[in-house]
file run-v3.pdb (PDB, C-alpha atoms)
MODEL        1
ATOM      1  CA  MET A 235      60.615-191.929  93.537
ATOM      2  CA  TYR A 236      61.782-191.194  97.056
ATOM      3  CA  ALA A 237      65.271-192.453  96.205
ATOM      4  CA  LEU A 238      65.442-190.097  93.184
ATOM      5  CA  ARG A 239      64.601-187.057  95.292
ATOM      6  CA  THR A 240      67.158-188.087  97.901
ATOM      7  CA  SER A 241      69.973-188.389  95.316
ATOM      8  CA  THR A 242      69.107-185.026  93.759
ATOM      9  CA  LEU A 243      69.232-183.342  97.155
ATOM     10  CA  ILE A 244      72.615-184.942  97.911
ATOM     11  CA  LEU A 245      74.064-183.724  94.607
ATOM     12  CA  LEU A 246      72.748-180.183  95.241
ATOM     13  CA  VAL A 247      74.285-180.077  98.713
ATOM     14  CA  ALA A 248      77.599-181.405  97.393
ATOM     15  CA  SER A 249      77.829-178.778  94.655
ATOM     16  CA  THR A 250      77.029-176.078  97.148
ATOM     17  CA  CYS A 251      79.730-177.246  99.486
ATOM     18  CA  TYR A 252      82.407-177.265  96.799
ATOM     19  CA  SER A 253      81.511-173.770  95.506
ATOM     20  CA  TRP A 254      80.953-172.100  98.898
ATOM     21  CA  THR A 255      83.686-169.894 100.329
ATOM     22  CA  PRO A 256      83.505-169.019 103.977
ATOM     23  CA  ILE A 257      83.004-165.299 104.593
ATOM     24  CA  SER A 258      83.224-163.566 107.868
ATOM     25  CA  PRO A 259      79.889-162.643 109.280
ATOM     26  CA  ARG A 260      81.093-159.079 109.813
ATOM     27  CA  CYS A 261      81.884-158.547 106.120
ATOM     28  CA  ARG A 262      78.768-160.245 104.759
ATOM     29  CA  VAL A 263      76.347-157.746 103.194
ATOM     30  CA  THR A 264      72.994-158.782 101.923
ATOM     31  CA  PRO A 265      71.777-156.247  99.399
ATOM     32  CA  SER A 266      68.145-155.420  99.364
ATOM     33  CA  PHE A 267      65.924-155.829  96.390
ATOM     34  CA  SER A 268      65.703-152.074  95.670
ATOM     35  CA  THR A 269      69.509-151.736  95.763
ATOM     36  CA  THR A 270      69.883-154.661  93.397
ATOM     37  CA  LEU A 271      67.307-153.145  91.042
ATOM     38  CA  SER A 272      69.002-149.711  91.000
ATOM     39  CA  MET A 273      72.385-151.315  90.318
ATOM     40  CA  ALA A 274      70.859-153.268  87.489
ATOM     41  CA  LYS A 275      69.437-150.118  85.924
ATOM     42  CA  SER A 276      72.707-148.194  86.197
ATOM     43  CA  GLY A 277      74.645-151.110  84.796
ATOM     44  CA  LYS A 278      76.777-151.564  87.902
ATOM     45  CA  GLY A 279      77.613-154.840  89.439
ATOM     46  CA  PHE A 280      76.685-156.907  86.406
ATOM     47  CA  GLY A 281      79.884-156.619  84.404
ATOM     48  CA  ALA A 282      78.508-154.116  81.832
ATOM     49  CA  ALA A 283      81.302-152.011  80.235
ATOM     50  CA  PRO A 284      80.904-148.219  80.583
ATOM     51  CA  GLU A 285      80.395-146.015  77.560
ATOM     52  CA  PRO A 286      83.524-145.098  75.642
ATOM     53  CA  PRO A 287      85.044-141.872  77.062
ATOM     54  CA  LYS A 288      84.431-139.621  74.039
ATOM     55  CA  LYS A 289      84.524-136.400  76.041
ATOM     56  CA  LYS A 290      87.752-137.383  77.712
ATOM     57  CA  ALA A 291      89.312-138.111  74.338
ATOM     58  CA  GLN A 292      88.187-134.746  72.977
ATOM     59  CA  GLU A 293      89.522-132.980  76.072
ATOM     60  CA  GLU A 294      92.827-134.793  75.671
ATOM     61  CA  GLN A 295      92.998-133.716  72.002
ATOM     62  CA  VAL A 296      92.245-130.064  72.907
ATOM     63  CA  SER A 297      94.803-130.091  75.708
ATOM     64  CA  SER A 298      97.415-131.666  73.429
ATOM     65  CA  SER A 299      96.742-129.059  70.690
ATOM     66  CA  ALA A 300      96.931-126.244  73.271
ATOM     67  CA  THR A 301     100.197-127.634  74.595
ATOM     68  CA  ALA A 302     101.579-127.837  71.062
ATOM     69  CA  SER A 303     100.487-124.288  70.264
ATOM     70  CA  SER A 304     102.005-122.996  73.507
ATOM     71  CA  ALA A 305     105.195-124.876  72.763
ATOM     72  CA  LYS A 306     105.507-123.079  69.403
ATOM     73  CA  PRO A 307     107.558-119.888  69.571
ATOM     74  CA  ALA A 308     105.688-116.580  69.286
ATOM     75  CA  SER A 309     105.582-115.158  65.769
ATOM     76  CA  THR A 310     108.137-112.364  65.443
ATOM     77  CA  PRO A 311     107.852-109.543  62.886
ATOM     78  CA  PRO A 312     110.141-109.795  59.908
ATOM     79  CA  PRO A 313     113.432-107.995  60.388
ATOM     80  CA  VAL A 314     113.681-104.507  58.928
ATOM     81  CA  VAL A 315     116.085-104.481  56.038
ATOM     82  CA  PRO A 316     118.219-101.323  56.117
ATOM     83  CA  MET A 317     118.122 -99.175  52.995
ATOM     84  CA  ASN A 318     121.230 -98.775  50.942
ATOM     85  CA  GLN A 319     122.618 -95.472  49.700
ATOM     86  CA  GLY A 320     120.656 -95.587  46.450
ATOM     87  CA  GLN A 321     117.350 -96.195  48.214
ATOM     88  CA  LYS A 322     118.057 -93.417  50.705
ATOM     89  CA  ALA A 323     118.866 -90.993  47.896
ATOM     90  CA  LEU A 324     115.671 -91.969  46.057
ATOM     91  CA  GLU A 325     113.606 -91.543  49.225
ATOM     92  CA  ASN A 326     115.120 -88.108  49.872
ATOM     93  CA  MET A 327     114.458 -87.061  46.281
ATOM     94  CA  ARG A 328     110.812 -88.139  46.516
ATOM     95  CA  ARG A 329     110.385 -86.293  49.795
ATOM     96  CA  GLU A 330     111.928 -83.124  48.363
ATOM     97  CA  GLN A 331     109.685 -83.307  45.307
ATOM     98  CA  ALA A 332     106.606 -83.748  47.522
ATOM     99  CA  GLU A 333     107.622 -80.778  49.683
ATOM    100  CA  LYS A 334     108.254 -78.651  46.596
ATOM    101  CA  ARG A 335     104.847 -79.588  45.163
ATOM    102  CA  ASP A 336     103.143 -78.734  48.457
ATOM    103  CA  ALA A 337     104.946 -75.373  48.565
ATOM    104  CA  GLU A 338     103.715 -74.555  45.059
ATOM    105  CA  LEU A 339     100.176 -75.546  46.026
ATOM    106  CA  ARG A 340     100.348 -73.251  49.061
ATOM    107  CA  LYS A 341     101.427 -70.392  46.800
ATOM    108  CA  VAL A 342      98.557 -71.170  44.435
ATOM    109  CA  LYS A 343      96.156 -71.130  47.374
ATOM    110  CA  GLU A 344      97.581 -67.797  48.544
ATOM    111  CA  ILE A 345      97.198 -66.279  45.067
ATOM    112  CA  ILE A 346      93.589 -67.465  44.805
ATOM    113  CA  THR A 347      92.805 -66.115  48.282
ATOM    114  CA  THR A 348      94.388 -62.740  47.461
ATOM    115  CA  ASP A 349      92.503 -62.487  44.168
ATOM    116  CA  ASP A 350      89.211 -63.261  45.899
ATOM    117  CA  LEU A 351      89.929 -60.664  48.584
ATOM    118  CA  VAL A 352      90.784 -57.965  46.021
ATOM    119  CA  ARG A 353      87.712 -58.893  43.981
ATOM    120  CA  GLU A 354      85.454 -58.548  47.007
ATOM    121  CA  ASP A 355      87.087 -55.395  48.412
ATOM    122  CA  ALA A 356      88.834 -53.106  45.929
ATOM    123  CA  GLY A 357      90.304 -51.012  48.765
ATOM    124  CA  ALA A 358      92.245 -53.979  50.158
ATOM    125  CA  ALA A 359      95.105 -53.363  47.698
ATOM    126  CA  ALA A 360      95.290 -49.611  48.472
ATOM    127  CA  ILE A 361      97.650 -47.997  50.984
ATOM    128  CA  PRO A 362      95.966 -47.555  54.385
ATOM    129  CA  GLU A 363      95.038 -43.984  55.242
ATOM    130  CA  LYS A 364      97.227 -43.888  58.359
ATOM    131  CA  VAL A 365     100.275 -45.003  56.391
ATOM    132  CA  ALA A 366      99.590 -42.452  53.643
ATOM    133  CA  MET A 367      99.309 -39.610  56.186
ATOM    134  CA  ARG A 368     102.528 -40.776  57.833
ATOM    135  CA  MET A 369     104.349 -40.665  54.490
ATOM    136  CA  GLY A 370     103.022 -37.154  53.815
ATOM    137  CA  LYS A 371     104.281 -35.872  57.149
ATOM    138  CA  ARG A 372     107.732 -37.274  56.456
ATOM    139  CA  MET A 373     107.852 -35.585  53.046
ATOM    140  CA  LEU A 374     107.694 -32.121  54.611
ATOM    141  CA  PRO A 375     111.235 -32.188  56.041
ATOM    142  CA  PHE A 376     112.885 -34.709  53.704
ATOM    143  CA  VAL A 377     111.509 -33.157  50.498
ATOM    144  CA  GLY A 378     110.740 -29.574  51.447
ATOM    145  CA  ILE A 379     114.174 -28.698  52.839
ATOM    146  CA  PRO A 380     116.189 -29.828  49.763
ATOM    147  CA  LEU A 381     113.630 -28.362  47.369
ATOM    148  CA  PHE A 382     113.491 -24.955  48.973
ATOM    149  CA  GLY A 383     117.246 -25.142  49.534
ATOM    150  CA  GLY A 384     117.858 -25.512  45.804
ATOM    151  CA  MET A 385     115.582 -22.611  45.030
ATOM    152  CA  GLY A 386     117.239 -20.531  47.761
ATOM    153  CA  ALA A 387     120.711 -21.331  46.424
ATOM    154  CA  PHE A 388     119.756 -20.157  42.962
ATOM    155  CA  VAL A 389     118.395 -16.877  44.388
ATOM    156  CA  ALA A 390     121.520 -16.427  46.505
ATOM    157  CA  PHE A 391     123.805 -16.828  43.508
ATOM    158  CA  TRP A 392     121.747 -14.253  41.613
ATOM    159  CA  TYR A 393     121.792 -11.796  44.525
ATOM    160  CA  PHE A 394     125.553 -11.958  45.063
ATOM    161  CA  ALA A 395     126.246 -11.713  41.348
ATOM    162  CA  THR A 396     123.917  -8.724  40.854
ATOM    163  CA  TYR A 397     124.288  -6.639  43.990
ATOM    164  CA  ARG A 398     127.679  -7.712  45.333
ATOM    165  CA  ASP A 399     129.498  -7.909  42.026
ATOM    166  CA  LEU A 400     130.639 -11.464  42.753
ATOM    167  CA  GLU A 401     131.305 -13.756  39.878
ATOM    168  CA  PHE A 402     130.413 -17.439  40.002
ATOM    169  CA  GLN A 403     131.021 -20.107  37.472
ATOM    170  CA  PRO A 404     127.827 -21.227  35.769
ATOM    171  CA  ALA A 405     128.814 -24.855  36.376
ATOM    172  CA  LEU A 406     128.970 -24.213  40.134
ATOM    173  CA  VAL A 407     125.492 -22.729  40.146
ATOM    174  CA  ALA A 408     124.091 -25.551  38.088
ATOM    175  CA  VAL A 409     125.715 -28.309  40.156
ATOM    176  CA  THR A 410     124.596 -26.794  43.456
ATOM    177  CA  THR A 411     121.007 -26.403  42.305
ATOM    178  CA  ILE A 412     120.815 -29.868  40.736
ATOM    179  CA  VAL A 413     122.315 -31.556  43.806
ATOM    180  CA  LEU A 414     119.776 -29.942  46.114
ATOM    181  CA  LEU A 415     116.911 -30.865  43.796
ATOM    182  CA  ALA A 416     118.228 -34.429  43.634
ATOM    183  CA  PHE A 417     118.214 -34.591  47.432
ATOM    184  CA  GLY A 418     114.610 -33.461  47.286
ATOM    185  CA  LEU A 419     113.730 -36.314  44.902
ATOM    186  CA  LEU A 420     115.566 -38.809  47.094
ATOM    187  CA  GLY A 421     113.671 -37.358  50.035
ATOM    188  CA  ILE A 422     110.408 -38.438  48.423
ATOM    189  CA  THR A 423     111.646 -42.011  48.199
ATOM    190  CA  TYR A 424     113.100 -41.959  51.700
ATOM    191  CA  SER A 425     109.892 -40.512  53.124
ATOM    192  CA  MET A 426     107.909 -43.407  51.702
ATOM    193  CA  MET A 427     110.453 -46.091  52.607
ATOM    194  CA  SER A 428     111.263 -44.815  56.106
ATOM    195  CA  ALA A 429     107.623 -44.630  57.184
ATOM    196  CA  SER A 430     106.149 -47.524  59.105
ATOM    197  CA  TRP A 431     103.894 -49.549  56.819
ATOM    198  CA  ASP A 432     102.112 -50.989  59.817
ATOM    199  CA  PRO A 433      99.030 -48.859  60.545
ATOM    200  CA  GLU A 434      99.238 -49.682  64.250
ATOM    201  CA  ARG A 435     102.903 -48.716  64.693
ATOM    202  CA  GLU A 436     104.255 -45.182  64.300
ATOM    203  CA  GLY A 437     107.948 -45.968  63.908
ATOM    204  CA  SER A 438     111.012 -43.880  64.801
ATOM    205  CA  ALA A 439     111.629 -40.226  63.946
ATOM    206  CA  LEU A 440     114.352 -40.731  61.338
ATOM    207  CA  GLY A 441     113.086 -44.149  60.269
ATOM    208  CA  PHE A 442     116.384 -45.982  59.806
ATOM    209  CA  ASP A 443     114.996 -49.301  61.085
ATOM    210  CA  GLU A 444     111.797 -48.946  59.082
ATOM    211  CA  PHE A 445     113.800 -48.139  55.938
ATOM    212  CA  SER A 446     115.864 -51.347  56.152
ATOM    213  CA  ARG A 447     112.779 -53.407  56.979
ATOM    214  CA  ASN A 448     110.770 -51.929  54.107
ATOM    215  CA  VAL A 449     113.633 -52.453  51.661
ATOM    216  CA  ASN A 450     113.737 -56.148  52.575
ATOM    217  CA  ASN A 451     109.969 -56.355  52.205
ATOM    218  CA  LEU A 452     110.228 -54.722  48.797
ATOM    219  CA  LYS A 453     112.854 -57.230  47.658
ATOM    220  CA  GLU A 454     110.745 -60.123  48.860
ATOM    221  CA  GLY A 455     107.719 -58.646  47.117
ATOM    222  CA  LEU A 456     109.551 -58.366  43.810
ATOM    223  CA  SER A 457     110.806 -61.956  43.990
ATOM    224  CA  ARG A 458     107.348 -63.116  45.015
ATOM    225  CA  SER A 459     105.834 -61.242  42.075
ATOM    226  CA  LYS A 460     108.120 -63.107  39.689
ATOM    227  CA  GLU A 461     107.191 -66.445  41.247
ATOM    228  CA  ASN A 462     103.508 -65.554  41.143
ATOM    229  CA  ALA A 463     103.807 -64.696  37.455
ATOM    230  CA  VAL A 464     105.288 -68.148  36.762
ATOM    231  CA  ILE A 465     102.609 -69.836  38.869
ATOM    232  CA  ARG A 466      99.845 -67.920  37.107
ATOM    233  CA  GLU A 467     101.160 -69.164  33.777
ATOM    234  CA  ARG A 468     100.981 -72.747  35.044
ATOM    235  CA  MET A 469      97.517 -72.176  36.461
ATOM    236  CA  ALA A 470      96.326 -70.917  33.084
ATOM    237  CA  GLY A 471      96.971 -74.362  31.551
ATOM    238  CA  MET A 472      95.182 -76.335  34.304
ATOM    239  CA  PRO A 473      91.434 -76.785  34.830
ATOM    240  CA  GLU A 474      89.903 -75.113  37.858
ATOM    241  CA  SER A 475      88.499 -78.391  39.216
ATOM    242  CA  GLU A 476      91.928 -80.011  39.282
ATOM    243  CA  ILE A 477      93.409 -77.036  41.146
ATOM    244  CA  GLN A 478      90.631 -77.081  43.746
ATOM    245  CA  ALA A 479      91.010 -80.847  44.233
ATOM    246  CA  ALA A 480      94.771 -80.470  44.782
ATOM    247  CA  ILE A 481      94.170 -77.676  47.302
ATOM    248  CA  ARG A 482      91.668 -79.834  49.224
ATOM    249  CA  GLU A 483      94.171 -82.685  49.396
ATOM    250  CA  LEU A 484      96.784 -80.231  50.682
ATOM    251  CA  ASP A 485      94.397 -79.023  53.377
ATOM    252  CA  LYS A 486      93.751 -82.610  54.486
ATOM    253  CA  ARG A 487      97.475 -83.323  54.738
ATOM    254  CA  ASP A 488      98.046 -80.119  56.707
ATOM    255  CA  GLU A 489      95.236 -80.960  59.124
ATOM    256  CA  LEU A 490      96.607 -84.475  59.628
ATOM    257  CA  LYS A 491     100.070 -83.060  60.244
ATOM    258  CA  LYS A 492      98.709 -80.593  62.795
ATOM    259  CA  LYS A 493      96.841 -83.370  64.611
ATOM    260  CA  LYS A 494     100.009 -85.463  64.794
ATOM    261  CA  GLU A 495     101.971 -82.512  66.151
ATOM    262  CA  GLN A 496      99.297 -81.788  68.750
ATOM    263  CA  THR A 497      99.219 -85.453  69.779
ATOM    264  CA  LEU A 498     103.006 -85.505  70.104
ATOM    265  CA  LYS A 499     102.978 -82.303  72.163
ATOM    266  CA  SER A 500     100.274 -83.677  74.454
ATOM    267  CA  LYS A 501     102.235 -86.906  74.961
ATOM    268  CA  ILE A 502     105.410 -84.989  75.750
ATOM    269  CA  GLY A 503     103.499 -82.733  78.170
ATOM    270  CA  SER A 504     101.911 -85.699  79.928
ATOM    271  CA  GLU A 505     105.292 -87.431  80.268
ATOM    272  CA  LEU A 506     106.883 -84.276  81.673
ATOM    273  CA  GLU A 507     104.071 -83.890  84.188
TER     274      GLU A 507
ENDMDL
END
call {"tool": "encode", "arguments": {"input": "run-v3.pdb", "output": "structure tokens"}}
result
Amino acid sequence: MYALRTSTLILLVASTCYSWTPISPRCRVTPSFSTTLSMAKSGKGFGAAPEPPKKKAQEEQVSSSATASSAKPASTPPPVVPMNQGQKALENMRREQAEKRDAELRKVKEIITTDDLVREDAGAAAIPEKVAMRMGKRMLPFVGIPLFGGMGAFVAFWYFATYRDLEFQPALVAVTTIVLLAFGLLGITYSMMSASWDPEREGSALGFDEFSRNVNNLKEGLSRSKENAVIRERMAGMPESEIQAAIRELDKRDELKKKKEQTLKSKIGSELE
């Protein structure tokens, strides 16, 4: 029994000697029990493989996708294809038709507004009192002088033929009287046309400038009356609701156009400042 214990001890010492590696006393560290236990819980020091780096793989995938997206060239807008002559002509024709339609709608709106104004106030279509008085004052010289001149010429011919024994041709008497009366009739027209039609402006004494201005206004009025007659015929064949809807759309387009113009003016003013 004693020999068996002795042999076992010898074998244990021999195995220890073969497996022992000398270590410097300065580098030898003897871990405590608590340190060994904490390392065992954290899986360190016992050869346990760490968890697979899932987060790192995901981060690598995100970074690779970001690098690929940054490497792609920025998307550029498609190039603008220039219009050919046919397309330009078609675009100009459409724009002209739209402008013509808007002009007709504005005239329709003006006619409706004028009709409503005349319906509400019957005196709106009458000549203002100041203008009428101005025309009457101008008729005194331009109508009275030729009229009384014609009558005076007739009396003068009679006087010289009766009391002075002078003979005149009847044609001369008739022509002189008719010419003076004709000047009187023309004076009526000139008195009305040479007066200022603006109640707040008197005008000149002879009224040459007012006459030319009023003649142009009269021509424009006649042409406008013809256009209004044509427009009224078209309006007669259209329902009132459709006309009002078209006018509302026109007002919206005009308001949008005004806003764009105001925005452009403000931008230009800010840049100039």
call {"tool": "closest_residue", "arguments": {"input": "run-v3.pdb", "among": "A:Gln321, A:Thr396, A:Asn448, A:Thr410", "to": "Ser425 (chain A)", "atoms": "all atoms listed in the file"}}
result
A:Asn448
call {"tool": "atom_distance", "arguments": {"input": "run-v3.pdb", "atom1": "CA of Val365 (chain A)", "atom2": "CA of Glu444 (chain A)"}}
result
12.5 Å
call {"tool": "atom_distance", "arguments": {"input": "run-v3.pdb", "atom1": "CA of Arg468 (chain A)", "atom2": "CA of Val342 (chain A)"}}
result
9.8 Å
call {"tool": "resolve_selection", "arguments": {"input": "run-v3.pdb", "expression": "the PyMOL selection byres ((chain A and resi 422) around 12)", "output": "ChimeraX atom specification"}}
result
/A:369-381,415-421,423-429
call {"tool": "atom_distance", "arguments": {"input": "run-v3.pdb", "atom1": "CA of Arg447 (chain A)", "atom2": "CA of Arg435 (chain A)"}}
result
13.4 Å
call {"tool": "closest_atom_pairs", "arguments": {"input": "run-v3.pdb", "of": "region 392-470 of chain A", "to": "region 476-498 of chain A", "cutoff": "12 Å", "atoms": "all atoms listed in the file", "output": "CSV"}}
result
residue,atom,partner,partner_atom,distance
A:Ile465,CA,A:Ile477,CA,11.9
A:Arg466,CA,A:Ile477,CA,11.9
A:Arg468,CA,A:Ile477,CA,10.6
A:Met469,CA,A:Ile477,CA,7.9
A:Ala470,CA,A:Ile477,CA,10.5
call {"tool": "write_last_selection", "arguments": {"input": "run-v3.pdb", "atoms": "C-alpha atoms", "output": "CSV table (one decimal), in the frame of the given file"}}
result
chain,number,residue,atom,x,y,z
A,465,ILE,CA,102.6,-69.8,38.9
A,466,ARG,CA,99.8,-67.9,37.1
A,468,ARG,CA,101.0,-72.7,35.0
A,469,MET,CA,97.5,-72.2,36.5
A,470,ALA,CA,96.3,-70.9,33.1
call {"tool": "resolve_selection", "arguments": {"input": "run-v3.pdb", "expression": "the PyMOL selection byres ((chain A and resi 462) around 12)", "output": "PyMOL selection string"}}
result
chain A and resi 338-346+348-349+454-461+463-469
call {"tool": "write_last_selection", "arguments": {"input": "run-v3.pdb", "atoms": "C-alpha atoms", "output": "PDB file, in the frame of the given file"}}
result
ATOM      1  CA  GLU A 338     103.715 -74.555  45.059  1.00  0.00           C
ATOM      2  CA  LEU A 339     100.176 -75.546  46.026  1.00  0.00           C
ATOM      3  CA  ARG A 340     100.348 -73.251  49.061  1.00  0.00           C
ATOM      4  CA  LYS A 341     101.427 -70.392  46.800  1.00  0.00           C
ATOM      5  CA  VAL A 342      98.557 -71.170  44.435  1.00  0.00           C
ATOM      6  CA  LYS A 343      96.156 -71.130  47.374  1.00  0.00           C
ATOM      7  CA  GLU A 344      97.581 -67.797  48.544  1.00  0.00           C
ATOM      8  CA  ILE A 345      97.198 -66.279  45.067  1.00  0.00           C
ATOM      9  CA  ILE A 346      93.589 -67.465  44.805  1.00  0.00           C
ATOM     10  CA  THR A 348      94.388 -62.740  47.461  1.00  0.00           C
ATOM     11  CA  ASP A 349      92.503 -62.487  44.168  1.00  0.00           C
ATOM     12  CA  GLU A 454     110.745 -60.123  48.860  1.00  0.00           C
ATOM     13  CA  GLY A 455     107.719 -58.646  47.117  1.00  0.00           C
ATOM     14  CA  LEU A 456     109.551 -58.366  43.810  1.00  0.00           C
ATOM     15  CA  SER A 457     110.806 -61.956  43.990  1.00  0.00           C
ATOM     16  CA  ARG A 458     107.348 -63.116  45.015  1.00  0.00           C
ATOM     17  CA  SER A 459     105.834 -61.242  42.075  1.00  0.00           C
ATOM     18  CA  LYS A 460     108.120 -63.107  39.689  1.00  0.00           C
ATOM     19  CA  GLU A 461     107.191 -66.445  41.247  1.00  0.00           C
ATOM     20  CA  ALA A 463     103.807 -64.696  37.455  1.00  0.00           C
ATOM     21  CA  VAL A 464     105.288 -68.148  36.762  1.00  0.00           C
ATOM     22  CA  ILE A 465     102.609 -69.836  38.869  1.00  0.00           C
ATOM     23  CA  ARG A 466      99.845 -67.920  37.107  1.00  0.00           C
ATOM     24  CA  GLU A 467     101.160 -69.164  33.777  1.00  0.00           C
ATOM     25  CA  ARG A 468     100.981 -72.747  35.044  1.00  0.00           C
ATOM     26  CA  MET A 469      97.517 -72.176  36.461  1.00  0.00           C
TER      27      MET A 469
END
call {"tool": "residues_around", "arguments": {"input": "run-v3.pdb", "residues": "Pro404 (chain A)", "least_positions_apart": "5", "cutoff": "12 Å", "atoms": "only C-alpha atoms", "output": "mmCIF file with C-alpha atoms, in the frame of the given file"}}
result
data_model
loop_
_atom_site.group_PDB
_atom_site.id
_atom_site.type_symbol
_atom_site.label_atom_id
_atom_site.label_comp_id
_atom_site.auth_asym_id
_atom_site.auth_seq_id
_atom_site.Cartn_x
_atom_site.Cartn_y
_atom_site.Cartn_z
ATOM 1 C CA PHE A 388 119.756 -20.157 42.962
ATOM 2 C CA PHE A 391 123.805 -16.828 43.508
ATOM 3 C CA TRP A 392 121.747 -14.253 41.613
ATOM 4 C CA ALA A 395 126.246 -11.713 41.348
ATOM 5 C CA VAL A 409 125.715 -28.309 40.156
ATOM 6 C CA THR A 410 124.596 -26.794 43.456
ATOM 7 C CA THR A 411 121.007 -26.403 42.305
#
call {"tool": "closest_residue", "arguments": {"input": "run-v3.pdb", "among": "A:Ser504, A:Ser430, A:Ala405, A:Lys322", "to": "Val449 (chain A)", "atoms": "only C-alpha atoms"}}
result
A:Ser430
call {"tool": "decode", "arguments": {"input": "run-v3.pdb", "residues": "region 327-339 of chain A", "atoms": "N, CA and C atoms", "output": "CSV table (one decimal), in the first residue's frame"}}
result
chain,number,residue,atom,x,y,z
A,327,MET,N,-50.4,80.5,-83.0
A,327,MET,CA,-51.8,80.6,-83.4
A,327,MET,C,-52.7,80.3,-82.2
A,328,ARG,N,-52.3,79.4,-81.3
A,328,ARG,CA,-53.1,79.1,-80.1
A,328,ARG,C,-53.1,80.3,-79.2
A,329,ARG,N,-51.9,81.0,-79.1
A,329,ARG,CA,-51.8,82.1,-78.2
A,329,ARG,C,-52.7,83.3,-78.7
A,330,GLU,N,-52.6,83.5,-80.0
A,330,GLU,CA,-53.5,84.6,-80.6
A,330,GLU,C,-54.9,84.3,-80.5
A,331,GLN,N,-55.3,83.0,-80.6
A,331,GLN,CA,-56.8,82.7,-80.4
A,331,GLN,C,-57.2,82.9,-79.0
A,332,ALA,N,-56.3,82.6,-78.0
A,332,ALA,CA,-56.6,82.8,-76.6
A,332,ALA,C,-56.8,84.3,-76.3
A,333,GLU,N,-55.8,85.1,-76.9
A,333,GLU,CA,-55.9,86.5,-76.7
A,333,GLU,C,-57.1,87.1,-77.3
A,334,LYS,N,-57.5,86.7,-78.5
A,334,LYS,CA,-58.7,87.2,-79.1
A,334,LYS,C,-60.0,86.8,-78.3
A,335,ARG,N,-60.0,85.6,-77.8
A,335,ARG,CA,-61.1,85.2,-77.0
A,335,ARG,C,-61.2,86.0,-75.7
A,336,ASP,N,-60.1,86.3,-75.1
A,336,ASP,CA,-60.1,87.1,-73.9
A,336,ASP,C,-60.6,88.5,-74.2
A,337,ALA,N,-60.1,89.0,-75.3
A,337,ALA,CA,-60.6,90.4,-75.7
A,337,ALA,C,-62.1,90.4,-75.9
A,338,GLU,N,-62.6,89.4,-76.5
A,338,GLU,CA,-64.1,89.4,-76.7
A,338,GLU,C,-64.8,89.3,-75.4
A,339,LEU,N,-64.2,88.5,-74.5
A,339,LEU,CA,-64.9,88.4,-73.1
A,339,LEU,C,-64.8,89.7,-72.4
